[in-house]
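Asks: After the structure tokens below, expect a handful of questions from me.
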Amino acid sequence: MAHEPVIGVTRCSRLDDYVASVERSGARARVLEVSESPRTVLETIDGVLLTGGGDVDPAFYGENRHETVEDAEPGRDEFELDLARRAMEDDVPVLAICRGAQVLNVAAGGTLVQDIPTAVTTELTHSLTEPKNCVAHDITVDVDSRLHSALGAAVSAACACRVNSRHHQSVGKLGRNLKASAMAPDGVIEGIEAPDAAFCLGVQWHPENFWRTGEFKPLFDAFVAAARDRMEAKL
């Protein structure tokens with residue numbers, strides 16, 4: 001359809017679920033390459049989906065490398081950090097997932113917990129890899145957050161949400177103009193957002209893995225709606 005908002009999806013090794021999630025919510029996905037210019041990219045899309053993957057190089061947030069750090073594909077850090085900064089500056093809708101949430105936080109000047117198992121005392125499993133939509137633990141979502149309203153029925157009356165989990169890193173010090181909007185029982189940050197933005201959310205779990213069953217479709221619907229608003233404002 002000619003009037004579908006275009007979502008720029010950063011390339012990763014597991015693209016299919018991300019693409020299916022935004023398309024099911026009424027958008028057209030455009031997979032982005034690290035060789036592209038973030039400035040030019042933002043002139044051609046209506047929203048940015050920052051996907052999961054390897055770790056952000058700690059040099060980008062001024063820390064020495066932990067031995068467990070596993071680098072992302074060459075060029076991803078530079079491209080995605082620049083893209084995220086420019087998107088936030090221009091108030092382009094952003095949904096950032098797992099690594100994407102970490103990219104968003106670093107782009108805003110924040111830091112990361114480089115290895116949860118050695119940095120956090122916890123009995124939770126934050127890296128449960130298979131099946132990819134297996135629920136790992138609950139999180140608590142801030143009732144006054146944009147994330148809470150976007151998640152819809154996925155959040156209980158007690159502000160709890162059941163999530164999957166495939167990460168060994170998480171948000172550390174929050175970046176500028178970001179706030180924590182969801183937390184695991186052990187204190188690991190599971191959601192961040194920019195309250196003053198049109199739509200700028202980061203989640204540490206993988207809602208895209210549930211596109212067939214629809215638990216997190218409201219989150220993608222809200223993201224695509226914000227992208228559509230931006231598209232229509234440019235017409």
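Just so we're on the same page: first chain in the structure tokens is A, next is B, and so on; residues restart at 1 for each chain, and ligands are numbered from 1 in the order they show up.
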Show which residues sit within 12 Å of Phe60 in chain A, as a PyMOL selection string. Count only C-alpha atoms, and ignore same-chain residues fewer than 6 positions away.
Replies: chain A and resi 77-78+80-82+102-103+105-112
Asks: May I have the residues within 8 Å of range 20-32 of chain A as a list in words, using only C-alpha atoms and disregarding those fewer than 4 positions away in the same chain?
Replies: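 Contacts, in chain order: Glu4, Pro5, Val6, Ile7, Gly8, Val9, Thr10, Arg11, Asp16, Glu36, Glu208, Trp211, Lys217, Phe220, Asp221 and Val224 of chain A.
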Asks: Quick check for you: according to DSSP on this backbone, which residues of range 5-229 of chain A are classed as helix (DSSP H, G or I)? Reply as a VMD selection string.
Replies: chain A and resid 16 to 24 38 to 41 58 to 61 76 to 90 99 to 107 116 to 119 146 to 154 207 to 210 217 to 229
Asks: Calculated over only C-alpha atoms, which of the candidates A:Val143, A:Val92, A:Ala184, A:Cys200 has the smallest distance to Thr44 in chain A?
Replies: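 The shortest atom-to-atom distance to Thr44 in chain A comes from A:Val92.
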Asks: Any idea what's packed within 6 Å of Arg99 in chain A, counting only C-alpha atoms, ignoring anything in its chain fewer than 2 positions away? Could you give it as a count of residues only?
Replies: 4
Asks: So which residues of range 26-206 of chain A fall under strand (DSSP E or B) by DSSP, listed as number ranges by chain?
Replies: A: 28-32, 47-50, 55, 71, 94-97, 112-113, 127-128, 137-141, 160-163, 165-166, 170-171, 179-183, 189-193, 200-203
Asks: Which residues are near range 148-161 of chain A? Cut-off 7 Å, only C-alpha atoms, ignore same chain within fewer than 2 positions. Put them as a list of chain:residue names.
Replies: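 After dropping sequence-adjacent residues, the list is A:Asp138, A:Ile139, A:Thr140, A:Val141, A:Asp142, A:Val143, A:Asp144, A:Ser145, A:Arg146, A:Val163, A:Glu215, A:Phe216, A:Pro218, A:Leu219, A:Ala222.
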Asks: Include N, CA and C atoms and write out the residues we just selected as a short mmCIF file (atom, residue, chain, number, x, y, z; two decimals), in the first residue's frame.
Replies:
data_model
loop_
_atom_site.label_atom_id
_atom_site.label_comp_id
_atom_site.auth_asym_id
_atom_site.auth_seq_id
_atom_site.Cartn_x
_atom_site.Cartn_y
_atom_site.Cartn_z
N ASP A 138 9.15 -12.59 34.89
CA ASP A 138 8.27 -11.42 34.85
C ASP A 138 9.10 -10.15 34.96
N ILE A 139 8.54 -9.05 34.50
CA ILE A 139 9.09 -7.73 34.75
C ILE A 139 7.98 -6.86 35.32
N THR A 140 8.35 -5.78 35.98
CA THR A 140 7.40 -4.80 36.47
C THR A 140 7.51 -3.56 35.60
N VAL A 141 6.36 -3.09 35.09
CA VAL A 141 6.33 -1.95 34.18
C VAL A 141 5.76 -0.74 34.90
N ASP A 142 6.43 0.39 34.80
CA ASP A 142 5.98 1.64 35.41
C ASP A 142 4.61 2.01 34.87
N VAL A 143 3.65 2.15 35.75
CA VAL A 143 2.27 2.40 35.33
C VAL A 143 2.13 3.74 34.61
N ASP A 144 3.01 4.68 34.87
CA ASP A 144 2.93 6.00 34.25
C ASP A 144 3.77 6.11 32.97
N SER A 145 4.27 4.99 32.48
CA SER A 145 5.17 5.03 31.34
C SER A 145 4.44 4.88 30.01
N ARG A 146 5.10 5.33 28.95
CA ARG A 146 4.60 5.11 27.60
C ARG A 146 4.62 3.62 27.28
N VAL A 163 8.04 -12.10 30.04
CA VAL A 163 8.91 -11.87 28.89
C VAL A 163 9.89 -13.02 28.67
N GLU A 215 1.03 -11.63 21.48
CA GLU A 215 1.07 -11.05 22.82
C GLU A 215 1.57 -9.60 22.82
N PHE A 216 2.53 -9.31 21.96
CA PHE A 216 3.12 -7.97 21.96
C PHE A 216 2.78 -7.16 20.72
N PRO A 218 0.30 -5.11 20.37
CA PRO A 218 0.00 -3.72 20.72
C PRO A 218 1.23 -2.81 20.77
N LEU A 219 2.39 -3.35 21.17
CA LEU A 219 3.62 -2.56 21.19
C LEU A 219 4.02 -2.15 19.78
N ALA A 222 1.55 0.44 18.38
CA ALA A 222 1.80 1.79 18.87
C ALA A 222 2.99 2.42 18.17
#
Asks: With only C-alpha atoms as the counted atoms, please give the residues lying no more than 7 Å from Ala198 in chain A, apart from itself and same-chain residues fewer than 2 positions off, as a ChimeraX atom specification.
Replies: /A:91,93,196,200,226
Asks: Go through range 107-203 of chain A residue by residue and, counting only C-alpha atoms, keep those with an atom at most 9 Å from range 62-72 of chain A; for each kept residue give the shortest atom pair and its distance in Å to one decimal, ordered by chain and increasing number, as JSON lines.
Replies:
{"residue": "A:Thr111", "atom": "CA", "partner": "A:Gly62", "partner_atom": "CA", "distance": 8.2}
{"residue": "A:Gln114", "atom": "CA", "partner": "A:His66", "partner_atom": "CA", "distance": 6.4}
{"residue": "A:Asp115", "atom": "CA", "partner": "A:Thr68", "partner_atom": "CA", "distance": 6.8}
{"residue": "A:His168", "atom": "CA", "partner": "A:Thr68", "partner_atom": "CA", "distance": 8.8}
{"residue": "A:Gln169", "atom": "CA", "partner": "A:Val69", "partner_atom": "CA", "distance": 8.9}
Asks: Calculate how many Å separate CA of Ala136 in chain A from CA of Leu95 in chain A, rounding to one decimal.
Replies: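 Taking CA of Ala136 in chain A and CA of Leu95 in chain A, their separation equals 21.4 Å.
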Asks: Which residue out of A:Arg176, A:Arg14, A:Arg39, A:His167 has the minimum interatomic distance to Val203 in chain A when only C-alpha atoms are used?
Replies: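 For Val203 in chain A, the nearest of the given residues is A:His167.
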Asks: Measure the distance from CA of Val113 in chain A to CA of Arg76 in chain A in Å and round it to one decimal.
Replies: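 Computing the Euclidean distance for CA of Val113 in chain A and CA of Arg76 in chain A yields 19.3 Å.
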